[in-house]
Amino acid sequence: MSSSRAQGFATSLQRRREALSKPVPLVVSGRLTRMVGLTLEAVGIQAAIGGRCLVVPNQGEPVEAEVVGFAGDKTYLMPTGSIQGLVPNAKVIPTTEMLMAPAGKSLLGRVLDGSGRPLDDKGPLNAEAQVSLNGKFINPLLRHPIDQPLDVGVGAINAMLTVGRGQRMGLFAGSGVGKSVLLGMMTRYTNADVIVVGMIGERGREVKEFIENILGEEGMSRSVVVATPADNSPLMRMHGAMLATSIAEYFRDQGLQVLLLMDSLTRFAQAQREIALAIGEPPATKGYPPSVFAKLPQLVERAGNGAKGGGSITAFYTVLTEGDDQQDPIADAARAILDGHIVLSRRLAEAGHYPAIDIEASISRVMTAITSPEHQQAARHLKYLYSLYEQNRDLITVGAYNRGSDPRVDEAIAYNPAIMTFLKQGIKEGLSFAQSIQKLAAIFSKRAGKGE
């Protein structure tokens, strides 16, 4: 390099250093001007979307808030905790904190809130790592394909709706049809290294009951539970779903097989709706603003397989169907972005049939890629006979159907007791994948042996 060029380079470098050394005019703090519902309006601050701020009341602890929008010189904040004590013109201080989540094996057996703080009495977390709450993008071409079945310990799912490692499934159910019990069964019996449970927007009473009565000590020993009950702020409920996903991502990146259970995806969508409506976003579909339908795939796509040779996240998201309406906008959107859905039937639950899985309305989109032709043929035949019986149920029940009128219906009637027995399973019973396939095949082999 010539002396003139070297001198020019040195001069340019010196100018850059001088420019960087000059103080940048930043607004240190602003003030709170308005509060509508749970939305705070502040002026005089500059903070990015997703940035954290502290709102300092006259008395008490500062209130944490997150930037959720802005318009002109106004910045919209959503508090993550209690807003008691806030007054007009309270000081608003932007912080440089990023949305981070604790992660590591020390979280196993622990219960956290949406901020990553422990809810149990087992002391500090001592997390080995901190990961982004928003996750990281994975090139879809680098993801390992779903090519292995996952044993979930439930015969009806293993045999009729086979789930693959890295699949995202929806569990569609109304209230009181046994979805929590089914989730607990999968937690205990699924062949996974780590289980992450996100209880989002549910009743606070259910958290302890799920942990003690459904998970139990065996299930809890390899689980992490993130609980943000319904009385939490909408922002905290959203953070709870994101935190559970971030923890699952960390374990997947360690090469482990992770089962993610989120109850429920609907409450996550409702939390986003509350935030969007509060800052003035217009509703579009049955009261849901467009941002809700943008947030759903952003959350769901974080689950799945990692790169080849790495771990996986197999996820089950419960979707609440209001009044058992399968055309609810959230249910409809979830079906489009998930890899299959399991529908729980109120009629079956009221008849004491548990798990109350409606195999007619349920489907696994990857089953044909991970099961044998013989398995697929037996499952299709069982579903055909089950559907045929249901179509003629009323005639059969009142005695209006005469045996011999239709050989297909006769076959459905003959097989129905064995089919219904196969689809039932006790809460304390685990059925492995191999046992499920054997029982499915045995239904038809027994009657074939009888010459029927």
# chains A, B, ... in the order shown; residues from 1 in each chain; ligands from 1

$ residues_around --residues "stretch 427-434 of chain A" --least-positions-apart "2" --cutoff "6 Å" --atoms "only C-alpha atoms" --output "list in words"
Asp151, Gly153, Val154, Gly155, Asn158, Ser436 and Ile437 of chain A

$ write_last_selection --atoms "N, CA, C and O atoms" --output "short mmCIF file (atom, residue, chain, number, x, y, z; two decimals), in the first residue's frame"
data_model
loop_
_atom_site.label_atom_id
_atom_site.label_comp_id
_atom_site.auth_asym_id
_atom_site.auth_seq_id
_atom_site.Cartn_x
_atom_site.Cartn_y
_atom_site.Cartn_z
N ASP A 151 -44.04 -43.32 19.29
CA ASP A 151 -44.93 -44.08 20.18
C ASP A 151 -45.46 -43.14 21.26
O ASP A 151 -44.71 -42.67 22.11
N GLY A 153 -48.10 -44.05 23.26
CA GLY A 153 -48.69 -44.84 24.33
C GLY A 153 -50.19 -44.94 24.31
O GLY A 153 -50.80 -45.50 25.22
N VAL A 154 -50.86 -44.38 23.29
CA VAL A 154 -52.31 -44.43 23.17
C VAL A 154 -52.64 -45.25 21.92
O VAL A 154 -52.28 -44.85 20.80
N GLY A 155 -53.33 -46.37 22.11
CA GLY A 155 -53.56 -47.31 21.03
C GLY A 155 -54.28 -46.72 19.83
O GLY A 155 -53.91 -46.97 18.68
N ASN A 158 -51.74 -44.47 18.01
CA ASN A 158 -50.65 -45.25 17.42
C ASN A 158 -51.12 -46.01 16.18
O ASN A 158 -50.41 -46.06 15.17
N SER A 436 -50.12 -51.83 19.81
CA SER A 436 -51.26 -51.22 19.12
C SER A 436 -51.47 -51.85 17.76
O SER A 436 -52.60 -52.17 17.37
N ILE A 437 -50.38 -52.08 17.01
CA ILE A 437 -50.48 -52.68 15.69
C ILE A 437 -50.96 -54.13 15.80
O ILE A 437 -51.77 -54.60 15.00
#

$ residues_around --residues "stretch 85-97 of chain A" --least-positions-apart "5" --cutoff "6 Å" --atoms "only C-alpha atoms" --output "mmCIF file with N, CA and C atoms, in the first residue's frame"
data_model
loop_
_atom_site.group_PDB
_atom_site.id
_atom_site.type_symbol
_atom_site.label_atom_id
_atom_site.label_comp_id
_atom_site.auth_asym_id
_atom_site.auth_seq_id
_atom_site.Cartn_x
_atom_site.Cartn_y
_atom_site.Cartn_z
ATOM 1 N N SER A 29 -35.903 9.075 29.164
ATOM 2 C CA SER A 29 -37.184 8.664 29.714
ATOM 3 C C SER A 29 -38.294 9.526 29.136
ATOM 4 N N GLY A 30 -39.489 8.983 29.199
ATOM 5 C CA GLY A 30 -40.676 9.705 28.770
ATOM 6 C C GLY A 30 -41.694 9.693 29.880
ATOM 7 N N ARG A 31 -42.952 9.939 29.504
ATOM 8 C CA ARG A 31 -43.995 9.961 30.529
ATOM 9 C C ARG A 31 -45.245 9.268 30.021
ATOM 10 N N LEU A 32 -45.991 8.780 30.976
ATOM 11 C CA LEU A 32 -47.238 8.082 30.691
ATOM 12 C C LEU A 32 -48.352 9.110 30.531
ATOM 13 N N THR A 33 -49.041 9.086 29.404
ATOM 14 C CA THR A 33 -50.067 10.087 29.146
ATOM 15 C C THR A 33 -51.485 9.547 29.200
ATOM 16 N N ARG A 52 -38.405 -3.525 25.905
ATOM 17 C CA ARG A 52 -38.922 -3.502 27.271
ATOM 18 C C ARG A 52 -38.777 -2.104 27.867
ATOM 19 N N CYS A 53 -39.752 -1.711 28.674
ATOM 20 C CA CYS A 53 -39.722 -0.421 29.378
ATOM 21 C C CYS A 53 -40.118 -0.647 30.827
ATOM 22 N N LEU A 54 -39.687 0.270 31.683
ATOM 23 C CA LEU A 54 -40.108 0.291 33.080
ATOM 24 C C LEU A 54 -40.962 1.529 33.305
ATOM 25 N N VAL A 55 -42.160 1.311 33.829
ATOM 26 C CA VAL A 55 -43.044 2.424 34.185
ATOM 27 C C VAL A 55 -42.959 2.584 35.696
ATOM 28 N N VAL A 56 -42.503 3.753 36.140
ATOM 29 C CA VAL A 56 -42.216 3.974 37.557
ATOM 30 C C VAL A 56 -43.400 4.697 38.208
ATOM 31 N N PRO A 57 -44.131 4.025 39.112
ATOM 32 C CA PRO A 57 -45.239 4.683 39.804
ATOM 33 C C PRO A 57 -44.734 5.552 40.952
#

$ residues_around --residues "A:Leu141" --least-positions-apart "2" --cutoff "12 Å" --atoms "only C-alpha atoms" --output "list in words"
Phe137, Ile138, Asn139, Arg143, His144, Pro145, Asn305, Gly306, Ala307 and Lys308 of chain A

$ write_last_selection --atoms "N, CA and C atoms" --output "PDB file, in the first residue's frame"
ATOM      1  N   PHE A 137     -34.903 -18.710  12.929  1.00  0.00           N
ATOM      2  CA  PHE A 137     -35.408 -19.264  11.672  1.00  0.00           C
ATOM      3  C   PHE A 137     -34.598 -20.492  11.262  1.00  0.00           C
ATOM      4  N   ILE A 138     -35.307 -21.520  10.799  1.00  0.00           N
ATOM      5  CA  ILE A 138     -34.660 -22.722  10.266  1.00  0.00           C
ATOM      6  C   ILE A 138     -35.042 -22.854   8.798  1.00  0.00           C
ATOM      7  N   ASN A 139     -34.043 -22.948   7.948  1.00  0.00           N
ATOM      8  CA  ASN A 139     -34.297 -23.149   6.524  1.00  0.00           C
ATOM      9  C   ASN A 139     -35.096 -24.440   6.342  1.00  0.00           C
ATOM     10  N   ARG A 143     -34.354 -29.007   7.175  1.00  0.00           N
ATOM     11  CA  ARG A 143     -35.034 -29.836   8.172  1.00  0.00           C
ATOM     12  C   ARG A 143     -35.026 -31.308   7.746  1.00  0.00           C
ATOM     13  N   HIS A 144     -34.809 -32.170   8.718  1.00  0.00           N
ATOM     14  CA  HIS A 144     -34.871 -33.613   8.446  1.00  0.00           C
ATOM     15  C   HIS A 144     -36.327 -34.009   8.213  1.00  0.00           C
ATOM     16  N   PRO A 145     -36.624 -34.791   7.184  1.00  0.00           N
ATOM     17  CA  PRO A 145     -38.026 -35.182   6.928  1.00  0.00           C
ATOM     18  C   PRO A 145     -38.566 -36.086   8.028  1.00  0.00           C
ATOM     19  N   ASN A 305     -38.791 -31.027  13.147  1.00  0.00           N
ATOM     20  CA  ASN A 305     -37.443 -31.591  13.140  1.00  0.00           C
ATOM     21  C   ASN A 305     -36.394 -30.519  12.925  1.00  0.00           C
ATOM     22  N   GLY A 306     -35.216 -30.762  13.487  1.00  0.00           N
ATOM     23  CA  GLY A 306     -34.078 -29.913  13.210  1.00  0.00           C
ATOM     24  C   GLY A 306     -33.328 -30.432  11.992  1.00  0.00           C
ATOM     25  N   ALA A 307     -32.066 -30.070  11.888  1.00  0.00           N
ATOM     26  CA  ALA A 307     -31.252 -30.543  10.779  1.00  0.00           C
ATOM     27  C   ALA A 307     -31.027 -32.054  10.886  1.00  0.00           C
ATOM     28  N   LYS A 308     -30.630 -32.678   9.799  1.00  0.00           N
ATOM     29  CA  LYS A 308     -30.404 -34.117   9.781  1.00  0.00           C
ATOM     30  C   LYS A 308     -29.373 -34.515  10.819  1.00  0.00           C
TER      31      LYS A 308
END

$ residues_around --residues "A:Ala418" --least-positions-apart "4" --cutoff "12 Å" --atoms "only C-alpha atoms" --output "PyMOL selection string"
chain A and resi 382+385-386+411-414+422-424+439-447

$ select_by_dssp --residues "stretch 281-399 of chain A" --states "strand (DSSP E)" --output "PyMOL selection string"
chain A and resi 304-305+312-320+340-343+363-364

$ closest_residue --among "A:Glu218, A:Val343, A:Leu259, A:Asp231" --to "A:Asn191" --atoms "only C-alpha atoms"
A:Leu259

$ residues_around --residues "A:Ser362" --least-positions-apart "2" --cutoff "7 Å" --atoms "only C-alpha atoms" --output "list in words"
His341, Ile342, Val343, Asp358, Ile359 and Glu360 of chain A

$ write_last_selection --atoms "all heavy atoms" --output "short mmCIF file (atom, residue, chain, number, x, y, z; two decimals), in the first residue's frame"
data_model
loop_
_atom_site.label_atom_id
_atom_site.label_comp_id
_atom_site.auth_asym_id
_atom_site.auth_seq_id
_atom_site.Cartn_x
_atom_site.Cartn_y
_atom_site.Cartn_z
N HIS A 341 -54.89 -33.55 12.64
CA HIS A 341 -55.70 -33.15 13.79
C HIS A 341 -56.44 -34.36 14.36
O HIS A 341 -56.84 -35.27 13.64
CB HIS A 341 -56.70 -32.04 13.40
CG HIS A 341 -57.52 -32.35 12.18
ND1 HIS A 341 -57.10 -32.04 10.91
CD2 HIS A 341 -58.71 -32.97 12.04
CE1 HIS A 341 -58.01 -32.42 10.03
NE2 HIS A 341 -59.00 -33.00 10.69
N ILE A 342 -56.58 -34.33 15.68
CA ILE A 342 -57.33 -35.35 16.42
C ILE A 342 -58.54 -34.66 17.02
O ILE A 342 -58.40 -33.70 17.79
CB ILE A 342 -56.46 -35.98 17.52
CG1 ILE A 342 -55.23 -36.65 16.92
CG2 ILE A 342 -57.26 -36.98 18.35
CD1 ILE A 342 -54.20 -37.10 17.94
N VAL A 343 -59.72 -35.12 16.67
CA VAL A 343 -60.96 -34.51 17.14
C VAL A 343 -61.55 -35.36 18.26
O VAL A 343 -61.72 -36.57 18.11
CB VAL A 343 -61.98 -34.37 15.99
CG1 VAL A 343 -63.29 -33.76 16.50
CG2 VAL A 343 -61.40 -33.51 14.87
N ASP A 358 -62.73 -39.17 17.83
CA ASP A 358 -63.60 -39.40 16.67
C ASP A 358 -62.69 -39.72 15.49
O ASP A 358 -62.15 -38.82 14.84
CB ASP A 358 -64.43 -38.14 16.40
CG ASP A 358 -65.43 -38.34 15.27
OD1 ASP A 358 -65.34 -39.37 14.57
OD2 ASP A 358 -66.29 -37.45 15.07
N ILE A 359 -62.51 -40.99 15.20
CA ILE A 359 -61.55 -41.36 14.17
C ILE A 359 -62.07 -41.02 12.77
O ILE A 359 -61.29 -40.97 11.81
CB ILE A 359 -61.17 -42.86 14.25
CG1 ILE A 359 -62.40 -43.74 14.07
CG2 ILE A 359 -60.46 -43.15 15.56
CD1 ILE A 359 -62.05 -45.20 13.92
N GLU A 360 -63.38 -40.79 12.62
CA GLU A 360 -63.90 -40.36 11.32
C GLU A 360 -63.42 -38.96 10.97
O GLU A 360 -63.07 -38.67 9.82
CB GLU A 360 -65.43 -40.36 11.35
CG GLU A 360 -66.08 -41.71 11.24
CD GLU A 360 -67.59 -41.58 11.15
OE1 GLU A 360 -68.23 -41.19 12.14
OE2 GLU A 360 -68.13 -41.84 10.06
#

$ residues_around --residues "A:Val194" --least-positions-apart "4" --cutoff "6 Å" --atoms "only C-alpha atoms" --output "ChimeraX atom specification"
/A:222-223,258

$ closest_residue --among "A:Gln391, A:Ser180, A:Ser291, A:Gln254" --to "A:Ala356" --atoms "only C-alpha atoms"
A:Ser180

$ atom_distance --atom1 "atom CA of A:Glu217" --atom2 "atom CA of A:Arg188"
9.7 Å

$ residues_around --residues "stretch 172-176 of chain A" --least-positions-apart "6" --cutoff "10 Å" --atoms "only C-alpha atoms" --output "ChimeraX atom specification"
/A:264,317-326,331,334-335,341-346,349-350,356-357,362

$ atom_distance --atom1 "atom CA of A:Leu296" --atom2 "atom CA of A:Gly198"
15.2 Å

$ closest_atom_pairs --of "stretch 166-245 of chain A" --to "stretch 106-124 of chain A" --cutoff "12 Å" --atoms "only C-alpha atoms" --output "JSON lines"
{"residue": "A:Asp193", "atom": "CA", "partner": "A:Leu108", "partner_atom": "CA", "distance": 10.9}
{"residue": "A:Val194", "atom": "CA", "partner": "A:Leu108", "partner_atom": "CA", "distance": 8.1}
{"residue": "A:Ile195", "atom": "CA", "partner": "A:Leu108", "partner_atom": "CA", "distance": 8.7}
{"residue": "A:Val196", "atom": "CA", "partner": "A:Leu108", "partner_atom": "CA", "distance": 8.9}
{"residue": "A:Val197", "atom": "CA", "partner": "A:Val111", "partner_atom": "CA", "distance": 9.4}
{"residue": "A:Gly198", "atom": "CA", "partner": "A:Gly114", "partner_atom": "CA", "distance": 9.5}
{"residue": "A:Met199", "atom": "CA", "partner": "A:Asp113", "partner_atom": "CA", "distance": 9.7}
{"residue": "A:Ile200", "atom": "CA", "partner": "A:Gly114", "partner_atom": "CA", "distance": 9.1}
{"residue": "A:Gly201", "atom": "CA", "partner": "A:Gly114", "partner_atom": "CA", "distance": 10.9}
{"residue": "A:Gly204", "atom": "CA", "partner": "A:Asp113", "partner_atom": "CA", "distance": 11.8}
{"residue": "A:Val207", "atom": "CA", "partner": "A:Val111", "partner_atom": "CA", "distance": 9.5}
{"residue": "A:Lys208", "atom": "CA", "partner": "A:Val111", "partner_atom": "CA", "distance": 10.0}
{"residue": "A:Phe210", "atom": "CA", "partner": "A:Val111", "partner_atom": "CA", "distance": 11.7}
{"residue": "A:Ile211", "atom": "CA", "partner": "A:Val111", "partner_atom": "CA", "distance": 9.1}
{"residue": "A:Glu212", "atom": "CA", "partner": "A:Gly109", "partner_atom": "CA", "distance": 11.9}
{"residue": "A:Leu215", "atom": "CA", "partner": "A:Gly109", "partner_atom": "CA", "distance": 10.7}
{"residue": "A:Gly216", "atom": "CA", "partner": "A:Gly109", "partner_atom": "CA", "distance": 10.6}
{"residue": "A:Glu217", "atom": "CA", "partner": "A:Gly109", "partner_atom": "CA", "distance": 8.7}
{"residue": "A:Glu218", "atom": "CA", "partner": "A:Gly109", "partner_atom": "CA", "distance": 9.7}
{"residue": "A:Gly219", "atom": "CA", "partner": "A:Gly109", "partner_atom": "CA", "distance": 8.7}
{"residue": "A:Met220", "atom": "CA", "partner": "A:Gly109", "partner_atom": "CA", "distance": 5.2}
{"residue": "A:Ser221", "atom": "CA", "partner": "A:Gly109", "partner_atom": "CA", "distance": 4.9}
{"residue": "A:Arg222", "atom": "CA", "partner": "A:Leu108", "partner_atom": "CA", "distance": 5.5}
{"residue": "A:Ser223", "atom": "CA", "partner": "A:Leu108", "partner_atom": "CA", "distance": 5.3}
{"residue": "A:Val224", "atom": "CA", "partner": "A:Leu108", "partner_atom": "CA", "distance": 5.1}
{"residue": "A:Val225", "atom": "CA", "partner": "A:Val111", "partner_atom": "CA", "distance": 4.7}
{"residue": "A:Val226", "atom": "CA", "partner": "A:Leu112", "partner_atom": "CA", "distance": 4.8}
{"residue": "A:Ala227", "atom": "CA", "partner": "A:Asp113", "partner_atom": "CA", "distance": 5.2}
{"residue": "A:Thr228", "atom": "CA", "partner": "A:Asp113", "partner_atom": "CA", "distance": 5.8}
{"residue": "A:Pro229", "atom": "CA", "partner": "A:Asp113", "partner_atom": "CA", "distance": 9.0}
{"residue": "A:Ala230", "atom": "CA", "partner": "A:Gly114", "partner_atom": "CA", "distance": 11.9}
{"residue": "A:Asn232", "atom": "CA", "partner": "A:Gly114", "partner_atom": "CA", "distance": 8.9}
{"residue": "A:Ser233", "atom": "CA", "partner": "A:Gly114", "partner_atom": "CA", "distance": 9.9}
{"residue": "A:Pro234", "atom": "CA", "partner": "A:Gly114", "partner_atom": "CA", "distance": 10.6}
{"residue": "A:Leu235", "atom": "CA", "partner": "A:Gly114", "partner_atom": "CA", "distance": 8.9}
{"residue": "A:Met236", "atom": "CA", "partner": "A:Gly114", "partner_atom": "CA", "distance": 5.4}
{"residue": "A:Arg237", "atom": "CA", "partner": "A:Gly114", "partner_atom": "CA", "distance": 6.6}
{"residue": "A:Met238", "atom": "CA", "partner": "A:Gly114", "partner_atom": "CA", "distance": 7.9}
{"residue": "A:His239", "atom": "CA", "partner": "A:Gly114", "partner_atom": "CA", "distance": 5.3}
{"residue": "A:Gly240", "atom": "CA", "partner": "A:Gly114", "partner_atom": "CA", "distance": 4.0}
{"residue": "A:Ala241", "atom": "CA", "partner": "A:Gly114", "partner_atom": "CA", "distance": 7.8}
{"residue": "A:Met242", "atom": "CA", "partner": "A:Gly114", "partner_atom": "CA", "distance": 8.4}
{"residue": "A:Leu243", "atom": "CA", "partner": "A:Gly114", "partner_atom": "CA", "distance": 6.6}
{"residue": "A:Ala244", "atom": "CA", "partner": "A:Gly114", "partner_atom": "CA", "distance": 8.6}
{"residue": "A:Thr245", "atom": "CA", "partner": "A:Gly114", "partner_atom": "CA", "distance": 11.5}

$ closest_residue --among "A:Gln270, A:Asn416, A:Gln377, A:Thr314" --to "A:Met186" --atoms "only C-alpha atoms"
A:Thr314

$ select_by_dssp --residues "stretch 101-198 of chain A" --states "helix (DSSP H, G or I)" --output "list of chain:residue names"
A:Lys105, A:Ser106, A:Leu107, A:Pro140, A:Leu141, A:Leu142, A:Gly155, A:Ala156, A:Ile157, A:Asn158, A:Ala159, A:Met160, A:Lys179, A:Ser180, A:Val181, A:Leu182, A:Leu183, A:Gly184, A:Met185, A:Met186, A:Thr187, A:Arg188, A:Tyr189
